[in-house]
>>> print(open('upload_26.csv').read())   # CSV, C-alpha atoms
chain,number,residue,atom,x,y,z
H,13,MET,CA,150.1,110.2,213.9
H,14,ARG,CA,148.8,107.2,215.8
H,15,ARG,CA,150.8,106.2,218.9
H,16,LEU,CA,152.1,102.6,218.5
H,17,PHE,CA,152.7,100.3,221.4
H,18,PHE,CA,155.1,97.4,221.2
H,19,ILE,CA,156.0,94.4,223.3
H,20,PRO,CA,159.8,93.8,223.8
H,21,LEU,CA,161.5,91.8,221.1
H,22,PHE,CA,162.1,88.7,223.3
H,23,ALA,CA,158.5,88.8,224.5
H,24,ALA,CA,157.4,89.0,220.9
H,25,ALA,CA,159.3,85.9,220.0
H,26,LEU,CA,157.8,84.0,222.9
H,27,TRP,CA,154.3,85.2,221.9
H,28,ALA,CA,154.9,84.0,218.3
H,29,ALA,CA,156.1,80.7,219.6
H,30,GLY,CA,153.0,80.4,221.8
H,31,CYS,CA,150.9,80.9,218.7
H,32,SER,CA,152.5,78.0,216.8
H,33,GLU,CA,150.9,74.6,216.2
H,34,PRO,CA,150.8,72.2,219.1
H,35,GLY,CA,154.0,70.1,219.3
H,36,GLU,CA,156.0,72.4,217.0
H,37,GLU,CA,159.3,73.4,218.6
H,38,LEU,CA,160.1,76.7,216.8
H,39,TYR,CA,163.3,77.3,218.7
H,40,SER,CA,164.6,73.7,218.7
H,41,GLY,CA,167.2,74.8,216.1
H,42,GLU,CA,169.8,77.6,216.1
H,43,VAL,CA,168.5,81.1,216.2
H,44,HIS,CA,169.8,83.9,214.0
H,45,THR,CA,169.4,87.6,213.8
H,46,LEU,CA,167.7,89.2,210.7
H,47,THR,CA,168.5,92.9,210.6
H,48,VAL,CA,166.0,95.0,208.5
H,49,GLN,CA,166.8,98.6,207.6
H,50,ALA,CA,163.7,100.5,206.5
H,51,VAL,CA,164.8,102.7,203.5
H,52,TYR,CA,162.5,105.6,202.9
H,53,PRO,CA,162.1,107.3,199.5
H,54,GLU,CA,164.1,110.4,198.7
H,55,GLY,CA,162.6,113.5,200.4
H,56,TYR,CA,161.2,111.5,203.4
H,57,ALA,CA,164.3,111.1,205.5
H,58,GLU,CA,162.4,112.7,208.5
H,59,MET,CA,160.3,109.6,208.6
H,60,VAL,CA,163.2,107.5,209.9
H,61,ARG,CA,162.5,106.9,213.6
H,62,GLU,CA,161.9,104.3,216.2
H,63,GLY,CA,158.7,102.4,216.7
H,64,VAL,CA,157.8,101.4,213.1
H,65,THR,CA,156.6,97.8,212.9
H,66,VAL,CA,158.6,95.2,210.9
H,67,THR,CA,157.0,91.8,210.4
H,68,ALA,CA,158.6,88.6,209.3
H,69,GLU,CA,156.3,85.7,208.3
H,70,ASP,CA,157.7,82.2,208.0
H,71,ILE,CA,156.4,81.2,204.6
H,72,ASP,CA,156.4,77.4,205.3
H,73,ARG,CA,155.2,77.3,208.9
H,74,GLY,CA,152.9,80.3,208.9
H,75,ASN,CA,154.3,81.9,212.1
H,76,SER,CA,154.6,85.7,212.3
H,77,TYR,CA,157.2,87.7,214.2
H,78,LYS,CA,157.3,91.5,214.8
H,79,ALA,CA,159.8,94.0,216.1
H,80,PRO,CA,160.0,97.8,216.2
H,81,THR,CA,162.6,99.9,214.5
H,82,ASP,CA,165.2,101.8,216.6
H,83,ASP,CA,165.8,105.5,216.1
H,84,GLY,CA,167.9,104.7,213.0
H,85,GLY,CA,165.1,102.8,211.3
H,86,THR,CA,166.6,99.4,212.0
H,87,ALA,CA,164.8,96.4,213.4
H,88,ARG,CA,166.3,93.1,214.6
H,89,LEU,CA,164.3,89.8,214.7
H,90,GLN,CA,165.5,86.5,216.2
H,91,LEU,CA,164.5,83.8,213.8
H,92,THR,CA,165.2,80.1,213.2
H,93,ASN,CA,166.3,78.8,209.8
H,94,GLY,CA,163.6,79.4,207.2
H,95,LEU,CA,162.2,81.4,204.3
H,96,TYR,CA,160.5,84.6,205.3
H,97,ARG,CA,158.2,87.3,203.9
H,98,VAL,CA,159.3,90.6,205.4
H,99,MET,CA,157.0,93.6,205.5
H,100,VAL,CA,157.3,97.2,206.7
H,101,LYS,CA,154.4,99.6,206.9
H,102,ASP,CA,154.3,103.2,208.1
H,103,ARG,CA,151.8,106.0,207.8
H,104,ASN,CA,151.7,109.8,208.4
H,105,GLY,CA,148.3,111.2,207.7
H,106,LYS,CA,147.4,110.2,204.1
H,107,ASP,CA,151.1,109.5,203.3
H,108,ILE,CA,151.7,105.7,203.4
H,109,PHE,CA,155.0,103.9,203.2
H,110,ASN,CA,155.1,100.1,202.5
H,111,GLY,CA,157.9,97.7,201.6
H,112,THR,CA,157.9,93.9,201.0
H,113,ALA,CA,160.5,91.3,200.5
H,114,ASP,CA,158.9,88.0,199.5
H,115,MET,CA,161.7,85.5,199.8
H,116,VAL,CA,164.3,86.4,202.5
H,117,ARG,CA,166.5,83.4,203.5
H,118,VAL,CA,167.8,83.0,207.0
H,119,VAL,CA,169.9,79.9,206.8
H,120,ASP,CA,172.7,79.0,209.3
H,121,GLN,CA,173.8,82.6,209.8
H,122,ASP,CA,172.7,86.1,210.5
H,123,ALA,CA,171.2,88.0,207.6
H,124,GLU,CA,170.5,91.7,206.9
H,125,ILE,CA,168.5,93.5,204.2
H,126,GLY,CA,167.8,97.1,203.3
H,127,LEU,CA,164.1,97.2,202.5
H,128,PRO,CA,163.1,100.1,200.2
H,129,LEU,CA,159.7,101.6,201.1
H,130,VAL,CA,157.3,102.9,198.5
H,131,HIS,CA,155.3,106.1,199.0
H,132,SER,CA,151.6,106.2,198.2
H,133,ARG,CA,148.5,108.1,199.3
H,134,ALA,CA,145.4,106.8,201.0
H,135,GLY,CA,142.6,106.5,198.4
H,136,SER,CA,139.2,108.2,198.1
H,137,ILE,CA,137.3,105.2,196.5
H,138,VAL,CA,138.4,101.9,198.1
H,139,ILE,CA,137.4,98.3,197.8
H,140,LYS,CA,135.2,97.4,200.8
H,141,GLU,CA,134.3,93.8,200.1
H,142,ILE,CA,135.3,90.9,197.8
H,143,TYR,CA,133.0,87.9,197.5
H,144,CYS,CA,134.5,85.4,195.1
H,145,GLY,CA,134.5,82.0,196.9
H,146,GLY,CA,131.0,80.8,196.3
H,147,CYS,CA,128.7,78.8,198.5
H,148,MET,CA,126.9,75.5,198.8
H,149,LYS,CA,123.8,74.8,196.7
H,150,TYR,CA,121.8,73.8,199.9
H,151,PRO,CA,119.2,72.4,200.1
H,152,GLN,CA,120.4,70.8,196.9
H,153,GLU,CA,123.8,69.1,196.6
H,154,GLY,CA,126.8,70.7,195.1
H,155,LYS,CA,128.8,73.9,195.0
H,156,TYR,CA,127.9,77.2,193.5
H,157,GLN,CA,130.2,80.0,192.3
H,158,SER,CA,128.2,82.1,189.8
H,159,ASP,CA,127.4,84.8,192.3
H,160,LYS,CA,130.6,87.0,192.6
H,161,TYR,CA,130.6,90.7,193.5
H,162,ILE,CA,132.7,93.5,195.0
H,163,ILE,CA,131.6,96.6,196.9
H,164,LEU,CA,133.2,100.0,196.5
H,165,HIS,CA,133.2,102.7,199.2
H,166,ASN,CA,133.7,106.4,199.2
H,167,ASN,CA,136.2,106.9,202.0
H,168,ASP,CA,136.6,110.6,201.4
H,169,SER,CA,134.8,113.7,202.7
H,170,GLU,CA,133.9,114.9,199.2
H,171,VAL,CA,131.5,113.4,196.6
H,172,GLN,CA,133.4,111.0,194.3
H,173,TYR,CA,132.2,109.9,190.9
H,174,LEU,CA,132.3,106.3,189.5
H,175,ASP,CA,132.2,107.6,185.9
H,176,SER,CA,135.1,106.2,183.8
H,177,LEU,CA,136.4,104.1,186.7
H,178,CYS,CA,137.9,100.8,185.6
H,179,PHE,CA,137.8,97.4,187.2
H,180,ALA,CA,140.3,94.6,186.5
H,181,THR,CA,142.3,91.7,187.9
H,182,PHE,CA,146.0,91.1,187.7
H,183,ASP,CA,148.0,88.2,186.2
H,184,PRO,CA,148.3,85.5,187.3
H,185,TYR,CA,144.7,84.7,188.2
H,186,ASN,CA,145.6,82.9,191.4
H,187,SER,CA,148.3,83.6,194.0
H,188,GLN,CA,149.8,80.2,193.5
H,189,GLY,CA,150.0,80.6,189.7
H,190,THR,CA,153.3,81.0,187.7
H,191,ASN,CA,154.2,84.7,188.2
H,192,VAL,CA,156.5,85.8,185.3
H,193,TRP,CA,156.4,89.5,186.4
H,194,VAL,CA,157.8,89.5,190.0
H,195,THR,CA,161.3,88.4,190.7
H,196,GLN,CA,163.6,88.4,193.7
H,197,ASP,CA,166.8,90.1,194.3
H,198,PRO,CA,169.3,87.2,194.6
H,199,GLU,CA,171.2,88.8,197.4
H,200,THR,CA,168.4,90.2,199.7
H,201,GLY,CA,165.3,88.3,198.6
H,202,ALA,CA,163.5,91.6,198.1
H,203,SER,CA,160.7,91.4,195.6
H,204,VAL,CA,161.3,93.3,192.3
H,205,TYR,CA,158.2,94.5,190.6
H,206,PRO,CA,157.8,95.9,187.1
H,207,ASP,CA,156.8,99.6,186.7
H,208,PHE,CA,153.3,98.6,185.6
H,209,VAL,CA,150.6,96.1,186.7
H,210,PRO,CA,149.7,93.3,184.3
H,211,VAL,CA,145.9,93.3,183.7
H,212,VAL,CA,144.6,90.0,182.6
H,213,GLN,CA,141.5,88.9,180.6
H,214,ALA,CA,139.6,92.2,180.3
H,215,ILE,CA,139.2,95.8,181.5
H,216,TRP,CA,135.7,96.8,182.6
H,217,GLN,CA,134.7,100.5,182.8
H,218,PHE,CA,131.8,102.4,184.3
H,219,GLY,CA,130.0,104.6,181.9
H,220,GLY,CA,128.5,108.1,182.5
H,221,ASN,CA,129.3,111.6,181.4
H,222,GLY,CA,131.6,112.5,184.3
H,223,ARG,CA,128.9,113.2,186.9
H,224,SER,CA,126.3,110.5,186.2
H,225,PHE,CA,127.2,108.2,189.2
H,226,PRO,CA,128.0,110.2,192.3
H,227,LEU,CA,129.1,108.4,195.5
H,228,GLU,CA,128.4,110.4,198.6
H,229,PRO,CA,130.9,110.3,201.6
H,230,GLY,CA,130.6,107.0,203.3
H,231,GLU,CA,128.3,105.6,200.5
H,232,ASP,CA,128.8,102.1,198.9
H,233,ALA,CA,128.3,100.9,195.3
H,234,VAL,CA,127.9,97.2,194.5
H,235,LEU,CA,129.5,95.9,191.4
H,236,VAL,CA,128.3,92.4,190.4
H,237,VAL,CA,131.1,90.5,188.7
H,238,CYS,CA,129.0,87.4,187.9
H,239,GLY,CA,125.2,87.2,187.6
H,240,ALA,CA,123.1,90.3,188.5
H,241,ILE,CA,120.1,88.0,189.4
H,242,ASP,CA,118.5,86.8,192.5
H,243,HIS,CA,120.7,83.8,193.3
H,244,ALA,CA,119.2,83.3,196.7
H,245,ALA,CA,115.8,82.5,195.2
H,246,GLN,CA,117.2,79.1,194.3
H,247,TYR,CA,120.2,78.8,196.6
H,248,PRO,CA,119.4,80.4,200.1
H,249,LEU,CA,123.1,80.5,201.1
H,250,SER,CA,123.8,82.8,198.2
H,251,VAL,CA,122.7,86.5,197.6
H,252,ASN,CA,120.2,88.5,195.7
H,253,LEU,CA,122.2,90.6,193.2
H,254,ASN,CA,119.2,91.9,191.3
H,255,ARG,CA,118.7,95.2,193.2
H,256,GLU,CA,118.2,98.7,192.1
H,257,GLY,CA,121.3,100.8,191.9
H,258,TYR,CA,123.7,97.8,191.5
H,259,PHE,CA,126.2,97.8,188.6
H,260,VAL,CA,127.2,94.7,186.6
H,261,CYS,CA,130.0,93.4,184.5
H,262,TYR,CA,127.9,92.2,181.6
H,263,ASN,CA,128.8,91.7,177.9
H,264,ASN,CA,127.3,88.8,176.1
H,265,VAL,CA,129.6,89.1,173.1
H,266,TYR,CA,132.9,88.6,175.0
H,267,PHE,CA,131.4,86.7,178.0
H,268,TRP,CA,128.6,84.6,176.5
H,269,ASN,CA,128.6,81.8,179.1
H,270,THR,CA,125.2,82.3,180.6
H,271,LEU,CA,125.9,80.1,183.6
H,272,TYR,CA,128.2,82.9,184.9
H,273,HIS,CA,126.8,85.8,182.9
H,274,PRO,CA,123.0,85.5,182.6
H,275,ALA,CA,121.1,88.5,181.4
H,276,PRO,CA,120.8,91.0,184.3
H,277,GLY,CA,117.6,91.1,186.3
H,278,ASP,CA,114.8,93.6,185.8
H,279,ARG,CA,116.1,95.9,188.5
H,280,ILE,CA,119.5,96.5,186.9
H,281,ALA,CA,119.4,99.7,184.8
H,282,PRO,CA,121.0,99.3,181.4
H,283,ASP,CA,123.3,102.3,182.0
H,284,HIS,CA,124.7,100.3,185.0
H,285,TYR,CA,126.2,97.7,182.7
H,286,LEU,CA,130.0,98.2,182.6
H,287,ASP,CA,131.7,98.4,179.2
H,288,VAL,CA,134.5,96.0,178.1
H,289,VAL,CA,137.3,98.4,177.1
H,290,ILE,CA,139.5,95.6,175.8
H,291,LYS,CA,139.4,91.8,175.9
H,292,VAL,CA,142.9,90.2,176.0
H,293,GLY,CA,142.1,86.7,177.3
H,294,GLN,CA,140.2,83.7,175.9
H,295,ALA,CA,137.7,83.0,178.7
H,296,ASN,CA,134.0,83.2,178.1
H,297,ALA,CA,133.0,82.9,181.7
H,298,PHE,CA,135.8,83.7,184.3
H,299,THR,CA,136.7,87.3,184.8
H,300,PHE,CA,137.5,86.7,188.5
H,301,SER,CA,139.3,84.0,190.3
H,302,VAL,CA,137.3,81.9,192.8
H,303,PHE,CA,140.5,81.0,194.8
H,304,SER,CA,142.6,84.1,195.1
H,305,PRO,CA,142.2,87.1,192.8
H,306,ALA,CA,144.3,90.3,192.8
H,307,VAL,CA,141.6,92.9,192.4
H,308,ALA,CA,142.0,96.6,191.5
H,309,ILE,CA,140.2,99.7,190.5
H,310,PHE,CA,141.9,102.4,188.4
H,311,ARG,CA,141.3,105.5,186.4
H,312,ALA,CA,143.3,106.7,183.4
H,313,GLN,CA,145.3,109.9,183.6
H,314,GLY,CA,146.1,112.3,180.8
H,315,VAL,CA,144.5,110.0,178.2
H,316,THR,CA,141.4,107.9,177.9
H,317,VAL,CA,141.9,104.2,178.6
H,318,GLN,CA,140.6,103.5,175.1
H,319,GLU,CA,143.4,105.6,173.7
H,320,PHE,CA,145.9,103.9,176.0
H,321,VAL,CA,145.0,100.3,175.0
H,322,ALA,CA,145.3,101.3,171.3
H,323,GLY,CA,149.0,101.7,171.8
H,324,ALA,CA,150.8,98.5,170.8
H,325,GLU,CA,153.4,99.0,173.4
H,326,ASN,CA,150.8,99.0,176.2
H,327,VAL,CA,149.2,95.6,175.3
H,328,ILE,CA,151.8,92.8,175.1
H,329,GLN,CA,151.9,89.0,174.7
H,330,LYS,CA,152.1,87.2,178.0
H,331,PRO,CA,155.5,85.5,178.2
H,332,GLY,CA,155.0,81.7,178.0
H,333,SER,CA,151.5,82.0,176.3
H,334,THR,CA,150.7,81.9,172.7
H,335,VAL,CA,147.2,83.3,173.0
H,336,ASP,CA,146.9,85.5,176.1
H,337,ARG,CA,147.9,89.1,176.3
H,338,ILE,CA,148.1,91.6,179.2
H,339,VAL,CA,147.6,95.3,179.5
H,340,LYS,CA,150.5,97.3,181.2
H,341,ILE,CA,148.6,99.7,183.4
H,342,PRO,CA,150.7,102.4,185.0
H,343,LEU,CA,151.0,102.1,188.8
H,344,GLU,CA,150.0,105.7,189.4
H,345,TRP,CA,146.6,105.0,187.8
H,346,VAL,CA,145.5,102.5,190.4
H,347,LEU,CA,143.2,103.9,193.1
H,348,ASP,CA,143.0,100.7,195.2
H,349,GLY,CA,144.0,97.1,195.0
H,350,VAL,CA,143.6,94.0,197.2
H,351,GLU,CA,145.9,90.9,197.1
H,352,VAL,CA,144.1,87.7,198.0
H,353,PHE,CA,146.0,84.6,199.1
H,354,TYR,CA,144.5,81.1,199.4
H,355,GLY,CA,144.8,79.6,202.8
H,356,GLY,CA,146.7,76.4,203.5
H,357,SER,CA,149.2,77.0,200.7
H,358,SER,CA,152.9,77.9,201.1
H,359,ASN,CA,153.1,78.7,197.3
H,360,ASN,CA,151.3,82.1,197.5
H,361,LYS,CA,153.3,84.8,195.9
H,362,LYS,CA,152.4,88.5,195.7
H,363,ARG,CA,151.3,90.1,192.4
H,364,ILE,CA,150.5,93.6,193.7
H,365,PRO,CA,153.4,95.9,194.5
H,366,PRO,CA,153.7,97.6,197.9
H,367,SER,CA,152.7,101.0,196.6
H,368,ILE,CA,149.2,99.5,196.1
H,369,ASP,CA,149.0,96.7,198.6
H,370,ALA,CA,152.0,95.7,200.7
H,371,GLY,CA,150.2,92.7,202.4
H,372,TYR,CA,147.4,90.3,201.6
H,373,VAL,CA,144.1,88.9,202.9
H,374,THR,CA,143.7,85.1,203.2
H,375,GLN,CA,140.6,83.3,201.9
H,376,SER,CA,140.6,80.2,204.1
H,377,ALA,CA,137.9,78.1,202.5
H,378,LEU,CA,135.8,77.9,199.4
H,379,TYR,CA,132.0,77.5,198.9
H,380,THR,CA,131.2,78.6,202.5
H,381,GLY,CA,129.7,82.1,201.7
H,382,ARG,CA,132.7,83.8,203.4
H,383,THR,CA,133.8,87.1,202.1
H,384,LEU,CA,136.8,89.4,202.5
H,385,HIS,CA,135.8,92.6,204.2
H,386,ARG,CA,137.6,95.9,205.0
H,387,ARG,CA,137.7,97.0,208.6
H,388,THR,CA,136.0,100.1,209.8
H,389,ASP,CA,138.2,102.9,211.3
H,390,GLU,CA,136.1,103.4,214.4
H,391,GLU,CA,137.8,106.5,215.6
H,392,ALA,CA,137.8,108.3,212.2
H,393,THR,CA,134.2,107.2,211.7
H,394,ARG,CA,133.1,108.8,215.0
H,395,GLU,CA,134.9,112.0,214.1
H,396,ALA,CA,133.6,112.2,210.5
H,397,GLY,CA,130.0,111.2,211.2
H,398,TYR,CA,130.0,108.7,208.3
H,399,GLU,CA,131.7,105.3,207.8
H,400,ILE,CA,135.5,105.5,207.1
H,401,LEU,CA,137.3,102.3,206.4
H,402,MET,CA,140.9,101.4,207.2
H,403,ASP,CA,143.2,102.3,204.4
H,404,THR,CA,146.9,101.6,205.0
H,405,ASN,CA,147.5,100.1,201.6
H,406,ASN,CA,148.2,96.9,203.4
H,407,SER,CA,145.4,94.3,203.3
H,408,SER,CA,147.0,92.3,206.1
H,409,THR,CA,145.9,95.2,208.4
H,410,ASP,CA,142.9,96.5,206.5
H,411,PHE,CA,140.9,93.3,205.7
H,412,TYR,CA,139.5,90.3,207.5
H,413,GLU,CA,137.5,87.3,206.5
H,414,ARG,CA,133.9,87.3,207.6
H,415,GLU,CA,131.6,84.3,207.9
H,416,GLN,CA,128.9,85.5,205.6
H,417,GLN,CA,128.3,87.9,202.7
H,418,SER,CA,127.3,91.4,203.9
H,419,LEU,CA,124.6,91.3,201.2
H,420,HIS,CA,123.0,88.1,202.5
H,421,ASP,CA,119.4,88.7,203.6
>>> encode(input="upload_26.csv", output="structure tokens")
Amino acid sequence: MRRLFFIPLFAAALWAAGCSEPGEELYSGEVHTLTVQAVYPEGYAEMVREGVTVTAEDIDRGNSYKAPTDDGGTARLQLTNGLYRVMVKDRNGKDIFNGTADMVRVVDQDAEIGLPLVHSRAGSIVIKEIYCGGCMKYPQEGKYQSDKYIILHNNDSEVQYLDSLCFATFDPYNSQGTNVWVTQDPETGASVYPDFVPVVQAIWQFGGNGRSFPLEPGEDAVLVVCGAIDHAAQYPLSVNLNREGYFVCYNNVYFWNTLYHPAPGDRIAPDHYLDVVIKVGQANAFTFSVFSPAVAIFRAQGVTVQEFVAGAENVIQKPGSTVDRIVKIPLEWVLDGVEVFYGGSSNNKKRIPPSIDAGYVTQSALYTGRTLHRRTDEEATREAGYEILMDTNNSSTDFYEREQQSLHD
């Protein structure tokens, strides 16, 4: 395992206070102790040890505090009154343990929670980049958002195949939207997720016969979500998405709005058009939030996804909506997911459970050409001889916001 280094708890508190906004007195009020007990899944009791990082984020003020666990798996953080998002992350080889409590209250007294950790495994195909925020129409005036894409990456030492892989986004579309699926334990504030992920609007699927679209170790695949054309020809701050080998979400029956879904360019092969497995929403343009999507790739197990969505129990009406439905995708089908929060909002709420993504990556501004990009694991890359990306199932660690699209010429 990696060796972790920690600064002492009191020093950590001082460091966090030093990172606060000018003039803000974080410790002007009374300080209380939040005790967090990391609770590992059954069969992993040997993972309980000292040195595992526990993070508490002040939801309203944006400050972050960290402390290591002791040899009993308990961490203690000194916090002022507030509402906190508490996260624990741990890893042993490809075994990953994550836990999140989204609404922990520390008000006028000490508090303690037992935070259950969820076990998962590092993925083979991962999401490398998300570009959803658009750019300016320079040299013209206005904003542009018809040029969205994601990049997939083979993070494994063996060839992986894109055939039958599915792409989708989760409900609600935006991290500030009304979330009817995730609740909070009234006593601890721990987030309670359903045993499925709610897919909204549509499921897109790669074609192929099982070995049509190989992805070599360290190789990328670009999936155009909106507009497989050369956007940069008209708007230089955008990107050229009409390139050989690119895939595209294109279906002019369900998504007939040509502003967002024009006919793909001449370099996009017809067998690189993804299929719509099922359409459950009403949109004719938006398959992907510009503000803060929750993005995932998954593959059906033991049944085809077409057979799965034919089951009435697997496609349900969204509570509170008279028209929109969602698909209840099993958690174990998800290969990778990324939670995107929108910067400057204290109303962000997680949609993706910690077994998929225990954290989030923040998109700080729209229409700037910025993207959300996964970090490279430099040490693992040197050892393997091909690019290996960070994969802790925690986007707060794995991703960062870069200033420009990686596909920008």
>>> atom_distance(input="upload_26.csv", atom1="atom CA of Val350 of chain H", atom2="atom CA of Val192 of chain H")
19.4 Å
>>> closest_residue(input="upload_26.csv", among="H:Ala113, H:Leu249, H:Val171, H:Val60", to="Leu419 of chain H", atoms="all atoms listed in the file")
H:Leu249
>>> closest_residue(input="upload_26.csv", among="H:Gly371, H:Pro198, H:Gly154, H:Pro184", to="Pro331 of chain H", atoms="only C-alpha atoms")
H:Pro184
>>> residues_around(input="upload_26.csv", residues="Ser203 of chain H", least_positions_apart="3", cutoff="12 Å", atoms="all atoms listed in the file", output="PyMOL selection string")
chain H and resi 96-99+111-116+125-129+191+193-200+206+361-366+370
>>> residues_near_point(input="upload_26.csv", point="(140.4, 77.8, 204.6)", cutoff="7 Å", atoms="all atoms listed in the file", output="list in words")
Gly355, Gly356, Gln375, Ser376, Ala377 and Leu378 of chain H
>>> residues_near_point(input="upload_26.csv", point="(158.8, 104.6, 197.4)", cutoff="9 Å", atoms="all atoms listed in the file", output="list of chain:residue names")
H:Val51, H:Tyr52, H:Pro53, H:Glu54, H:Phe109, H:Asn110, H:Gly111, H:Pro128, H:Leu129, H:Val130, H:His131, H:Ser132, H:Pro366, H:Ser367
>>> residues_around(input="upload_26.csv", residues="segment 83-94 of chain H", least_positions_apart="6", cutoff="10 Å", atoms="only C-alpha atoms", output="tab-separated table (two decimals) with C-alpha atoms, in the coordinates of the input")
chain	number	residue	atom	x	y	z
H	21	LEU	CA	161.50	91.80	221.10
H	22	PHE	CA	162.10	88.70	223.30
H	24	ALA	CA	157.40	89.00	220.90
H	25	ALA	CA	159.30	85.90	220.00
H	38	LEU	CA	160.10	76.70	216.80
H	39	TYR	CA	163.30	77.30	218.70
H	40	SER	CA	164.60	73.70	218.70
H	41	GLY	CA	167.20	74.80	216.10
H	42	GLU	CA	169.80	77.60	216.10
H	43	VAL	CA	168.50	81.10	216.20
H	44	HIS	CA	169.80	83.90	214.00
H	45	THR	CA	169.40	87.60	213.80
H	46	LEU	CA	167.70	89.20	210.70
H	47	THR	CA	168.50	92.90	210.60
H	48	VAL	CA	166.00	95.00	208.50
H	49	GLN	CA	166.80	98.60	207.60
H	50	ALA	CA	163.70	100.50	206.50
H	51	VAL	CA	164.80	102.70	203.50
H	52	TYR	CA	162.50	105.60	202.90
H	59	MET	CA	160.30	109.60	208.60
H	60	VAL	CA	163.20	107.50	209.90
H	61	ARG	CA	162.50	106.90	213.60
H	62	GLU	CA	161.90	104.30	216.20
H	63	GLY	CA	158.70	102.40	216.70
H	64	VAL	CA	157.80	101.40	213.10
H	65	THR	CA	156.60	97.80	212.90
H	66	VAL	CA	158.60	95.20	210.90
H	67	THR	CA	157.00	91.80	210.40
H	68	ALA	CA	158.60	88.60	209.30
H	69	GLU	CA	156.30	85.70	208.30
H	70	ASP	CA	157.70	82.20	208.00
H	71	ILE	CA	156.40	81.20	204.60
H	72	ASP	CA	156.40	77.40	205.30
H	73	ARG	CA	155.20	77.30	208.90
H	77	TYR	CA	157.20	87.70	214.20
H	115	MET	CA	161.70	85.50	199.80
H	116	VAL	CA	164.30	86.40	202.50
H	117	ARG	CA	166.50	83.40	203.50
H	118	VAL	CA	167.80	83.00	207.00
H	119	VAL	CA	169.90	79.90	206.80
H	120	ASP	CA	172.70	79.00	209.30
H	121	GLN	CA	173.80	82.60	209.80
H	122	ASP	CA	172.70	86.10	210.50
H	123	ALA	CA	171.20	88.00	207.60
H	124	GLU	CA	170.50	91.70	206.90
H	125	ILE	CA	168.50	93.50	204.20
H	126	GLY	CA	167.80	97.10	203.30
>>> atom_distance(input="upload_26.csv", atom1="atom CA of Asp278 of chain H", atom2="atom CA of Val138 of chain H")
27.9 Å
